[in-house]
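Encoded as structure tokens, the structure appears first; notes follow it.
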2 protein chains.
Amino acid sequence: MIIPVKWSDEGVEMLDQRLLPTEEKWLTLKTYAEVADGITDMVVRGAPAIGVSAAYGIALGAKNFVGTNMTDFEDELEYICQTLGKTRPTAVNLFWAIARMKRTFQKAKEEGKSISEIKQVLIEDAKAIHEEDIESQRLIAKFGGELLDDNSTVLTHCNAGALATGGVWGTALGVVRGAVADGKKISVIADETRPYLQGARLTAWELLQDDIPVTLITDNMSGHVMKKGRVQAVVVGSDRIAANGDVANKIGTYMVAVLARQHGIPFYVAAPLSTVDLNCPTGEEIPIEERNIREITHIQQIQLAPEGIDVSNYAFDVTPNEFVTAIITEKGVARAPYTESLRKQFED
Amino acid sequence: MIIPVKWSDEGVEMLDQRLLPTEEKWLTLKTYAEVADGITDMVVRGAPAIGVSAAYGIALGAKNFVGTNMTDFEDELEYICQTLGKTRPTAVNLFWAIARMKRTFQKAKEEGKSISEIKQVLIEDAKAIHEEDIESQRLIAKFGGELLDDNSTVLTHCNAGALATGGVWGTALGVVRGAVADGKKISVIADETRPYLQGARLTAWELLQDDIPVTLITDNMSGHVMKKGRVQAVVVGSDRIAANGDVANKIGTYMVAVLARQHGIPFYVAAPLSTVDLNCPTGEEIPIEERNIREITHIQQIQLAPEGIDVSNYAFDVTPNEFVTAIITEKGVARAPYTESLRKQFED
């Protein structure tokens with residue numbers, strides 16, 4: 001059972017995903033600033049996992065506050081939230097978790113709780129966010145697993161597994177695990193997912209742990225394996241879903257979606273409602289992070305491209321809703337038109 | 001001016017493309033077996049360059065024959081051709097060059113030439129194949145360059161440049177160079193092209209040499225840059241074109257073609273007629289090479305995926321003719337229906 005981020009008396013424990021699959025090393029992050037760096041540097045990644053980590057980071061920052069003045073405490077919390085909010089722009093779960101922790105603080109303050117009590121309330125709420133995330137995935141696994149046929153192969157992009165979430169199930173891999181838990185025979189084709197290789201390093205590693213058959217391919221191979229009839233469904237996660245069902249996810253997802261439609265293969269997105277941003281009307285408004293070009297020009301110390309080359313390194317892309325067969329959340333399976341079906345899930 | 005393979009008194013000289021872009025090292029291959037290994041191990045790659053190299057390999061093998069008996073010489077040549085024919089299955093230029101060198105041998109033998117004279121004839125014909133290849137590219141550059149608009153950006157996949165051919169122009173990059181030679185301002189977006197990174201290592205390196213602006217992206221980014229309106233044309237090379245215009249090329253080409261059509265971007269294939277295989281009715285009959293999975297699981301000594309993972313490593317895919325806007329050869333610009341237009345080019 002994989003749980004990539006945990007609260008402990010020492011701080012926030014994170015499995016260092018940068019070292020997988022060759023090394024399993026846990027880090028203990030002892031300040032909120034270390035948690036922020038851990039998110040920026042991708043010690044932890046994946047929208048739900050980023051949300052859980054940010055909540056723990058706020059709880060940790062609050063716990064470490066040494067003053068006695070409530071205004072100072074509130075100022076410090078605001079600064080902590082700002083710092084964490086600058087780590088990764090695309091995953092909306094980050095902002096969702098920060099907003100929820102802020103509301104929890106306000107409520108506790110309004111209830112007249114002491115600084116010491118509020119610190120405890122924030123820790124409890126971060127743990128609750130984590131538990132709710134795992135429960136959401138269990139439901140995503142249940143609802144999504146029903147959509148997969150027995151003896152079918154699922155293509156997935158990036159890692160939307162336990163490692164990308166609070167743990168245990170995962171979102172896209174939760175759907176796979178849900179189908180397997182239902183007794184279905186499912187195999188997975190994992191895109192390696194350049195430049196950061198989350199598919200090769202993380203998805204492959206996770207599925208090997210669970211004995212779910214997995215075949216690794218390069219990203220540019222997914223069209224070919226679809227054309228050969230090797231894929232019966234595509235399931236991916238998401239970093240932010242707009243109100244109209246446009247889906248931001250790891251760069252390359254859009255290509256997979258277009259190819260899936262070309263081949264008549266269903267394209268499913270699995271994500272908790274905390275990934276759905278009703279304040280974002282369409283995918284056009286979702287900010288797309290651009291990352292350091294060294295992720296593309298080098299692997300560790302090995303230089304892959306000529307010195308001085310121009311590089312674009314978009315970390316995400318947006319798949320328009322017309323390519324999305326269904327969005328699977330903890331509330332069920334939403335289908336087009338998404339503006340209605342997603343809003344309804346929030347209201348249920 | 002890049003010429004990646006050359007004949008010399010010492011043997012066949014090859015620029016070791018495995019070491020680019022960080023090292024420019026020439027190897028002197030002194031036997032046909034070394035040339036065969038050079039093709040298999042991708043010291044040289046790219047369909048036209050493989051054809052030229054195979055011709056030189058046969059000439060070198062013939063030159064190194066030490067006997068005096070014509071039947072032994074013919075047997076040796078047959079064995080040389082078989083060895084070279086087993087190096088890479090998809091690039092038809094390999095088989096085209098072998099067949100032409102065999103015909104040249106037969107003709108010389110029938111003319112009553114001596115072993116020593118035939119050796120010279122084979123060297124001359126290999127050099128002619130090389131010169132004709134460069135001349136074909138010059139014409140491809142001319143015809144293709146006319147198709148590109150001024151101030152446009154071309155997306156290309158893999159390396160179909162001077163390095164992939166007998167040299168100087170290249171096929172896909174020949175089209176770019178042809179447009180630049182016409183005074184047009186052209187920039188290039190190069191897919192890095194996993195797993196062997198021909199785009200990052202070779203295309204980027206070639207274009208930097210020529211001061212043609214180039215931006216490197218990962219393969220999974222091409223859909224996103226098309227969606228952003230950054231691409232006005234796609235130009236790729238080919239390893240084999242079937243009689244009906246189906247195009248085998250580096251894995252990932254098919255995805256780019258589907259995405260190009262999705263975005264209304266023309267998709268051009270540039271290749272000499274030696275790449276067109278009229279004996280192959282459709283792309284279904286083109287053999288697709290599968291290579292060592294270590295190309296995907298490792299970069300040099302760095303392990304990218306977990307131990308024991310299943311991997312598919314298709315080196316090529318087939319783009320159906322319906323996605324191909326035009327095929328540019330040394331005879332001009334062929335358009336659908338390709339069965340007629342390609343056959344006509346052979347007859348012209």
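Naming works like this for the structure tokens: A, B, ... for the chains as they're shown, residue 1 at the start of each chain, ligands 1 onward in shown order.
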
Could you please write out, as a PyMOL selection string, every residue of range 124-164 of chain B that DSSP assigns to strand (DSSP E)? chain B and resi 152-156

Keeping only N, CA and C atoms, write the selected residues to a file as a PDB file, in the first residue's frame.
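Wrote out-v4.pdb, looks like this:
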ATOM      1  N   SER B 152       7.334  31.198 -41.676  1.00  0.00           N
ATOM      2  CA  SER B 152       6.554  30.106 -41.102  1.00  0.00           C
ATOM      3  C   SER B 152       7.447  29.187 -40.275  1.00  0.00           C
ATOM      4  N   THR B 153       6.761  28.395 -39.440  1.00  0.00           N
ATOM      5  CA  THR B 153       7.471  27.451 -38.574  1.00  0.00           C
ATOM      6  C   THR B 153       7.092  26.037 -38.983  1.00  0.00           C
ATOM      7  N   VAL B 154       8.132  25.226 -39.159  1.00  0.00           N
ATOM      8  CA  VAL B 154       7.968  23.835 -39.572  1.00  0.00           C
ATOM      9  C   VAL B 154       8.229  22.931 -38.377  1.00  0.00           C
ATOM     10  N   LEU B 155       7.312  22.025 -38.105  1.00  0.00           N
ATOM     11  CA  LEU B 155       7.580  21.008 -37.088  1.00  0.00           C
ATOM     12  C   LEU B 155       8.121  19.772 -37.787  1.00  0.00           C
ATOM     13  N   THR B 156       9.197  19.214 -37.239  1.00  0.00           N
ATOM     14  CA  THR B 156       9.730  17.976 -37.816  1.00  0.00           C
ATOM     15  C   THR B 156       9.954  16.957 -36.709  1.00  0.00           C
TER      16      THR B 156
END

Taking only C-alpha atoms into account, produce a table as JSON lines in which each residue of chain A with an atom at most 9 Å from an atom of chain B appears once, together with its shortest atom pair and the distance in Å to one decimal, ordered by chain and rising number.
{"residue": "A:Leu20", "atom": "CA", "partner": "B:Pro306", "partner_atom": "CA", "distance": 8.3}
{"residue": "A:Pro21", "atom": "CA", "partner": "B:Pro306", "partner_atom": "CA", "distance": 5.3}
{"residue": "A:Thr22", "atom": "CA", "partner": "B:Pro306", "partner_atom": "CA", "distance": 6.8}
{"residue": "A:Glu192", "atom": "CA", "partner": "B:Ala305", "partner_atom": "CA", "distance": 8.7}
{"residue": "A:Thr193", "atom": "CA", "partner": "B:Asn220", "partner_atom": "CA", "distance": 7.7}
{"residue": "A:Arg194", "atom": "CA", "partner": "B:Thr218", "partner_atom": "CA", "distance": 6.5}
{"residue": "A:Pro195", "atom": "CA", "partner": "B:Thr218", "partner_atom": "CA", "distance": 6.8}
{"residue": "A:Leu197", "atom": "CA", "partner": "B:Leu304", "partner_atom": "CA", "distance": 7.6}
{"residue": "A:Gly199", "atom": "CA", "partner": "B:Ala305", "partner_atom": "CA", "distance": 8.5}
{"residue": "A:Ala200", "atom": "CA", "partner": "B:Ala305", "partner_atom": "CA", "distance": 4.8}
{"residue": "A:Arg201", "atom": "CA", "partner": "B:Ala305", "partner_atom": "CA", "distance": 4.9}
{"residue": "A:Leu202", "atom": "CA", "partner": "B:Ala305", "partner_atom": "CA", "distance": 8.2}
{"residue": "A:Ala204", "atom": "CA", "partner": "B:Pro306", "partner_atom": "CA", "distance": 6.8}
{"residue": "A:Trp205", "atom": "CA", "partner": "B:Pro306", "partner_atom": "CA", "distance": 5.9}
{"residue": "A:Leu208", "atom": "CA", "partner": "B:Ile309", "partner_atom": "CA", "distance": 7.8}
{"residue": "A:Pro213", "atom": "CA", "partner": "B:Asp310", "partner_atom": "CA", "distance": 8.4}
{"residue": "A:Val214", "atom": "CA", "partner": "B:Asp310", "partner_atom": "CA", "distance": 6.5}
{"residue": "A:Thr215", "atom": "CA", "partner": "B:Asp310", "partner_atom": "CA", "distance": 4.7}
{"residue": "A:Leu216", "atom": "CA", "partner": "B:Val311", "partner_atom": "CA", "distance": 4.6}
{"residue": "A:Ile217", "atom": "CA", "partner": "B:Ser312", "partner_atom": "CA", "distance": 5.6}
{"residue": "A:Thr218", "atom": "CA", "partner": "B:Arg194", "partner_atom": "CA", "distance": 6.4}
{"residue": "A:Asp219", "atom": "CA", "partner": "B:Asn220", "partner_atom": "CA", "distance": 6.0}
{"residue": "A:Asn220", "atom": "CA", "partner": "B:Gly252", "partner_atom": "CA", "distance": 4.1}
{"residue": "A:Met221", "atom": "CA", "partner": "B:Gly252", "partner_atom": "CA", "distance": 5.7}
{"residue": "A:Ser222", "atom": "CA", "partner": "B:Met255", "partner_atom": "CA", "distance": 7.9}
{"residue": "A:Gly223", "atom": "CA", "partner": "B:Met255", "partner_atom": "CA", "distance": 5.4}
{"residue": "A:His224", "atom": "CA", "partner": "B:Asp317", "partner_atom": "CA", "distance": 6.1}
{"residue": "A:Ile251", "atom": "CA", "partner": "B:Met221", "partner_atom": "CA", "distance": 6.1}
{"residue": "A:Gly252", "atom": "CA", "partner": "B:Asn220", "partner_atom": "CA", "distance": 4.1}
{"residue": "A:Thr253", "atom": "CA", "partner": "B:Asn220", "partner_atom": "CA", "distance": 7.8}
{"residue": "A:Tyr254", "atom": "CA", "partner": "B:Gly223", "partner_atom": "CA", "distance": 6.6}
{"residue": "A:Met255", "atom": "CA", "partner": "B:Gly223", "partner_atom": "CA", "distance": 5.4}
{"residue": "A:Val256", "atom": "CA", "partner": "B:Met255", "partner_atom": "CA", "distance": 8.6}
{"residue": "A:Val258", "atom": "CA", "partner": "B:Leu259", "partner_atom": "CA", "distance": 7.1}
{"residue": "A:Leu259", "atom": "CA", "partner": "B:Met255", "partner_atom": "CA", "distance": 7.0}
{"residue": "A:Gln262", "atom": "CA", "partner": "B:Val258", "partner_atom": "CA", "distance": 8.0}
{"residue": "A:Ile296", "atom": "CA", "partner": "B:Thr218", "partner_atom": "CA", "distance": 7.2}
{"residue": "A:Thr297", "atom": "CA", "partner": "B:Ala200", "partner_atom": "CA", "distance": 7.8}
{"residue": "A:Ile299", "atom": "CA", "partner": "B:Ile299", "partner_atom": "CA", "distance": 7.7}
{"residue": "A:Gln300", "atom": "CA", "partner": "B:Ile302", "partner_atom": "CA", "distance": 8.3}
{"residue": "A:Ile302", "atom": "CA", "partner": "B:Ile299", "partner_atom": "CA", "distance": 8.2}
{"residue": "A:Gln303", "atom": "CA", "partner": "B:Thr22", "partner_atom": "CA", "distance": 7.4}
{"residue": "A:Leu304", "atom": "CA", "partner": "B:Arg201", "partner_atom": "CA", "distance": 6.1}
{"residue": "A:Ala305", "atom": "CA", "partner": "B:Ala200", "partner_atom": "CA", "distance": 4.8}
{"residue": "A:Pro306", "atom": "CA", "partner": "B:Pro21", "partner_atom": "CA", "distance": 5.4}
{"residue": "A:Glu307", "atom": "CA", "partner": "B:Thr22", "partner_atom": "CA", "distance": 8.4}
{"residue": "A:Ile309", "atom": "CA", "partner": "B:Thr215", "partner_atom": "CA", "distance": 6.9}
{"residue": "A:Asp310", "atom": "CA", "partner": "B:Thr215", "partner_atom": "CA", "distance": 4.7}
{"residue": "A:Val311", "atom": "CA", "partner": "B:Leu216", "partner_atom": "CA", "distance": 4.6}
{"residue": "A:Ser312", "atom": "CA", "partner": "B:Ile217", "partner_atom": "CA", "distance": 5.6}
{"residue": "A:Asn313", "atom": "CA", "partner": "B:Ile217", "partner_atom": "CA", "distance": 6.7}
{"residue": "A:Tyr314", "atom": "CA", "partner": "B:Met221", "partner_atom": "CA", "distance": 7.4}
{"residue": "A:Ala315", "atom": "CA", "partner": "B:Met221", "partner_atom": "CA", "distance": 9.0}
{"residue": "A:Phe316", "atom": "CA", "partner": "B:His224", "partner_atom": "CA", "distance": 8.7}
{"residue": "A:Asp317", "atom": "CA", "partner": "B:His224", "partner_atom": "CA", "distance": 6.1}
{"residue": "A:Val318", "atom": "CA", "partner": "B:His224", "partner_atom": "CA", "distance": 7.9}

Grab the CA of Ile80 in chain B to CA of Glu284 in chain B distance for me, in Å with one decimal place. 28.9 Å

Counting only C-alpha atoms, figure out which residue out of A:Ile123, A:Val92, A:Ile186, A:Ala55 gets nearest to Leu278 in chain A. A:Val92

I need the helix (DSSP H, G or I) residues of range 87-164 of chain B per DSSP on the backbone, written as JSON, numbers by chain. {"B": [92, 93, 94, 95, 96, 97, 98, 99, 100, 101, 102, 103, 104, 105, 106, 107, 108, 109, 110, 115, 116, 117, 118, 119, 120, 121, 122, 123, 124, 125, 126, 127, 128, 129, 130, 131, 132, 133, 134, 135, 136, 137, 138, 139, 140, 141, 142, 143, 144, 145, 162, 163, 164]}

Spatial neighbours of range 4-8 of chain B, max dist 8 Å, only C-alpha atoms, sep filter under 4 positions, as JSON, numbers by chain: {"B": [12, 13, 14, 15, 44, 49, 52, 53, 56, 127, 162, 163, 164, 165, 166, 167]}

Can those selected residues be exported to a file as a tab-separated table (two decimals), in the first residue's frame so that it contains all heavy atoms?
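Final output, saved to part16.tsv:
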chain	number	residue	atom	x	y	z
B	12	VAL	N	35.33	2.88	-45.33
B	12	VAL	CA	34.16	3.76	-45.28
B	12	VAL	C	34.28	4.63	-44.02
B	12	VAL	O	34.38	4.10	-42.91
B	12	VAL	CB	32.85	2.95	-45.27
B	12	VAL	CG1	31.64	3.88	-45.20
B	12	VAL	CG2	32.77	2.05	-46.49
B	13	GLU	N	34.27	5.94	-44.21
B	13	GLU	CA	34.37	6.87	-43.09
B	13	GLU	C	32.96	7.25	-42.66
B	13	GLU	O	32.14	7.64	-43.49
B	13	GLU	CB	35.11	8.15	-43.50
B	13	GLU	CG	36.39	7.91	-44.31
B	13	GLU	CD	37.59	7.71	-43.42
B	13	GLU	OE1	37.51	8.08	-42.22
B	13	GLU	OE2	38.60	7.17	-43.92
B	14	MET	N	32.68	7.14	-41.37
B	14	MET	CA	31.36	7.51	-40.85
B	14	MET	C	31.51	8.43	-39.64
B	14	MET	O	32.30	8.15	-38.74
B	14	MET	CB	30.58	6.27	-40.38
B	14	MET	CG	29.93	5.48	-41.49
B	14	MET	SD	28.90	4.17	-40.75
B	14	MET	CE	28.54	3.21	-42.23
B	15	LEU	N	30.73	9.51	-39.68
B	15	LEU	CA	30.60	10.35	-38.49
B	15	LEU	C	29.77	9.55	-37.47
B	15	LEU	O	28.66	9.13	-37.79
B	15	LEU	CB	29.88	11.66	-38.86
B	15	LEU	CG	29.57	12.63	-37.73
B	15	LEU	CD1	30.82	13.08	-37.00
B	15	LEU	CD2	28.82	13.86	-38.27
B	44	VAL	N	25.45	5.24	-38.21
B	44	VAL	CA	24.75	5.97	-39.27
B	44	VAL	C	23.31	5.51	-39.25
B	44	VAL	O	23.02	4.36	-38.91
B	44	VAL	CB	25.41	5.70	-40.65
B	44	VAL	CG1	25.12	4.28	-41.11
B	44	VAL	CG2	24.96	6.70	-41.70
B	49	ALA	N	20.82	7.53	-45.97
B	49	ALA	CA	22.20	7.32	-45.51
B	49	ALA	C	22.50	5.83	-45.37
B	49	ALA	O	23.62	5.38	-45.64
B	49	ALA	CB	22.42	8.03	-44.18
B	52	VAL	N	23.21	4.55	-48.94
B	52	VAL	CA	24.56	4.92	-49.39
B	52	VAL	C	25.61	4.08	-48.65
B	52	VAL	O	26.56	3.56	-49.27
B	52	VAL	CB	24.80	6.44	-49.14
B	52	VAL	CG1	26.27	6.80	-49.36
B	52	VAL	CG2	23.88	7.28	-50.03
B	53	SER	N	25.42	3.91	-47.35
B	53	SER	CA	26.38	3.15	-46.54
B	53	SER	C	26.44	1.69	-46.99
B	53	SER	O	27.52	1.09	-47.05
B	53	SER	CB	26.00	3.22	-45.06
B	53	SER	OG	26.01	4.56	-44.62
B	56	TYR	N	28.43	1.43	-50.18
B	56	TYR	CA	29.86	1.51	-49.87
B	56	TYR	C	30.34	0.23	-49.18
B	56	TYR	O	31.46	-0.24	-49.42
B	56	TYR	CB	30.15	2.71	-48.96
B	56	TYR	CG	30.25	4.05	-49.70
B	56	TYR	CD1	29.79	5.22	-49.10
B	56	TYR	CD2	30.85	4.14	-50.96
B	56	TYR	CE1	29.89	6.45	-49.75
B	56	TYR	CE2	30.95	5.37	-51.62
B	56	TYR	CZ	30.47	6.52	-51.01
B	56	TYR	OH	30.58	7.72	-51.66
B	127	LYS	N	29.84	5.28	-55.34
B	127	LYS	CA	30.03	6.74	-55.34
B	127	LYS	C	28.91	7.43	-56.13
B	127	LYS	O	28.43	8.49	-55.74
B	127	LYS	CB	31.39	7.10	-55.95
B	127	LYS	CG	32.57	6.79	-55.05
B	127	LYS	CD	33.87	7.19	-55.75
B	127	LYS	CE	35.08	6.98	-54.84
B	127	LYS	NZ	36.35	7.25	-55.58
B	162	ALA	N	20.72	16.30	-43.30
B	162	ALA	CA	21.92	15.86	-44.01
B	162	ALA	C	22.47	14.60	-43.36
B	162	ALA	O	22.95	13.68	-44.04
B	162	ALA	CB	22.96	16.98	-43.99
B	163	LEU	N	22.37	14.52	-42.03
B	163	LEU	CA	22.91	13.36	-41.30
B	163	LEU	C	22.19	12.07	-41.65
B	163	LEU	O	22.74	10.98	-41.47
B	163	LEU	CB	22.78	13.60	-39.79
B	163	LEU	CG	23.73	14.63	-39.18
B	163	LEU	CD1	23.30	14.97	-37.76
B	163	LEU	CD2	25.17	14.11	-39.20
B	164	ALA	N	20.96	12.17	-42.14
B	164	ALA	CA	20.16	10.98	-42.43
B	164	ALA	C	20.30	10.55	-43.88
B	164	ALA	O	19.67	9.58	-44.31
B	164	ALA	CB	18.68	11.27	-42.13
B	165	THR	N	21.11	11.27	-44.63
B	165	THR	CA	21.20	11.05	-46.08
B	165	THR	C	22.68	11.01	-46.49
B	165	THR	O	23.57	10.96	-45.65
B	165	THR	CB	20.53	12.22	-46.82
B	165	THR	OG1	21.24	13.43	-46.50
B	165	THR	CG2	19.08	12.38	-46.41
B	166	GLY	N	22.89	11.05	-47.80
B	166	GLY	CA	24.25	11.17	-48.29
B	166	GLY	C	24.89	12.49	-47.90
B	166	GLY	O	26.10	12.64	-47.95
B	167	GLY	N	24.08	13.43	-47.50
B	167	GLY	CA	24.62	14.69	-46.98
B	167	GLY	C	24.15	15.94	-47.70
B	167	GLY	O	23.34	15.88	-48.64

Excluding same-chain residues fewer than 2 positions from Tyr32 in chain B, what lies within 7 Å of it counting only C-alpha atoms, as a compact mmCIF listing (two decimals) with C-alpha atoms, in the first residue's frame?
# COMPACT_ATOMS: atom_id res chain seq x y z
CA GLU B 34 32.10 -3.28 -39.68
CA VAL B 35 29.85 -1.31 -42.03
CA ALA B 36 26.97 -3.72 -41.30
CA GLY B 57 29.85 -1.59 -47.64
CA ILE B 58 29.38 -3.83 -50.70
CA LEU B 60 34.41 -2.34 -49.58
CA GLY B 61 33.64 -6.04 -49.19
CA ILE B 80 28.10 -9.60 -48.16

For Arg18 in chain A, please output as an mmCIF file with C-alpha atoms, in the first residue's frame all residues within 7 Å (counting only C-alpha atoms; exclusion window: fewer than 2 positions along the same chain).
data_model
loop_
_atom_site.group_PDB
_atom_site.id
_atom_site.type_symbol
_atom_site.label_atom_id
_atom_site.label_comp_id
_atom_site.auth_asym_id
_atom_site.auth_seq_id
_atom_site.Cartn_x
_atom_site.Cartn_y
_atom_site.Cartn_z
ATOM 1 C CA ASP A 16 11.340 11.186 -2.591
ATOM 2 C CA LEU A 20 12.289 6.199 -7.871
ATOM 3 C CA MET A 42 8.814 17.458 -7.386
ATOM 4 C CA VAL A 43 9.805 15.339 -4.399
#

Between A:Leu147, A:Arg261, A:Arg291, A:Leu342, which is the closest to Phe323 in chain A once you count only C-alpha atoms?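 Closest candidate: A:Arg261.
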
Just how far from CA of Asp133 in chain B is CA of Glu110 in chain B, in Å to one decimal? 26.7 Å

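Each of B:Asp125, B:Glu330, B:Glu285, B:Asp211 was checked against Ala243 in chain B using only C-alpha atoms; the smallest atom-to-atom distance is that of B:Glu285.
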
Using only C-alpha atoms, which protein or nucleic acid residues come within 9 Å of Asn151 in chain A? Drop anything in the same chain fewer than 6 positions from it, and give the result as a PDB file with N, CA and C atoms, in the first residue's frame.
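The resulting around13.pdb:
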ATOM      1  N   LYS A 184     -11.698  -8.216 -12.446  1.00  0.00           N
ATOM      2  CA  LYS A 184     -11.418  -8.138 -13.881  1.00  0.00           C
ATOM      3  C   LYS A 184      -9.915  -8.261 -14.137  1.00  0.00           C
ATOM      4  N   LYS A 185      -9.596  -8.793 -15.310  1.00  0.00           N
ATOM      5  CA  LYS A 185      -8.205  -8.925 -15.718  1.00  0.00           C
ATOM      6  C   LYS A 185      -7.854  -7.700 -16.570  1.00  0.00           C
ATOM      7  N   ILE A 186      -7.031  -6.839 -16.011  1.00  0.00           N
ATOM      8  CA  ILE A 186      -6.697  -5.580 -16.680  1.00  0.00           C
ATOM      9  C   ILE A 186      -5.184  -5.489 -16.812  1.00  0.00           C
ATOM     10  N   SER A 187      -4.725  -5.081 -17.999  1.00  0.00           N
ATOM     11  CA  SER A 187      -3.304  -4.755 -18.110  1.00  0.00           C
ATOM     12  C   SER A 187      -3.183  -3.293 -18.525  1.00  0.00           C
TER      13      SER A 187
END
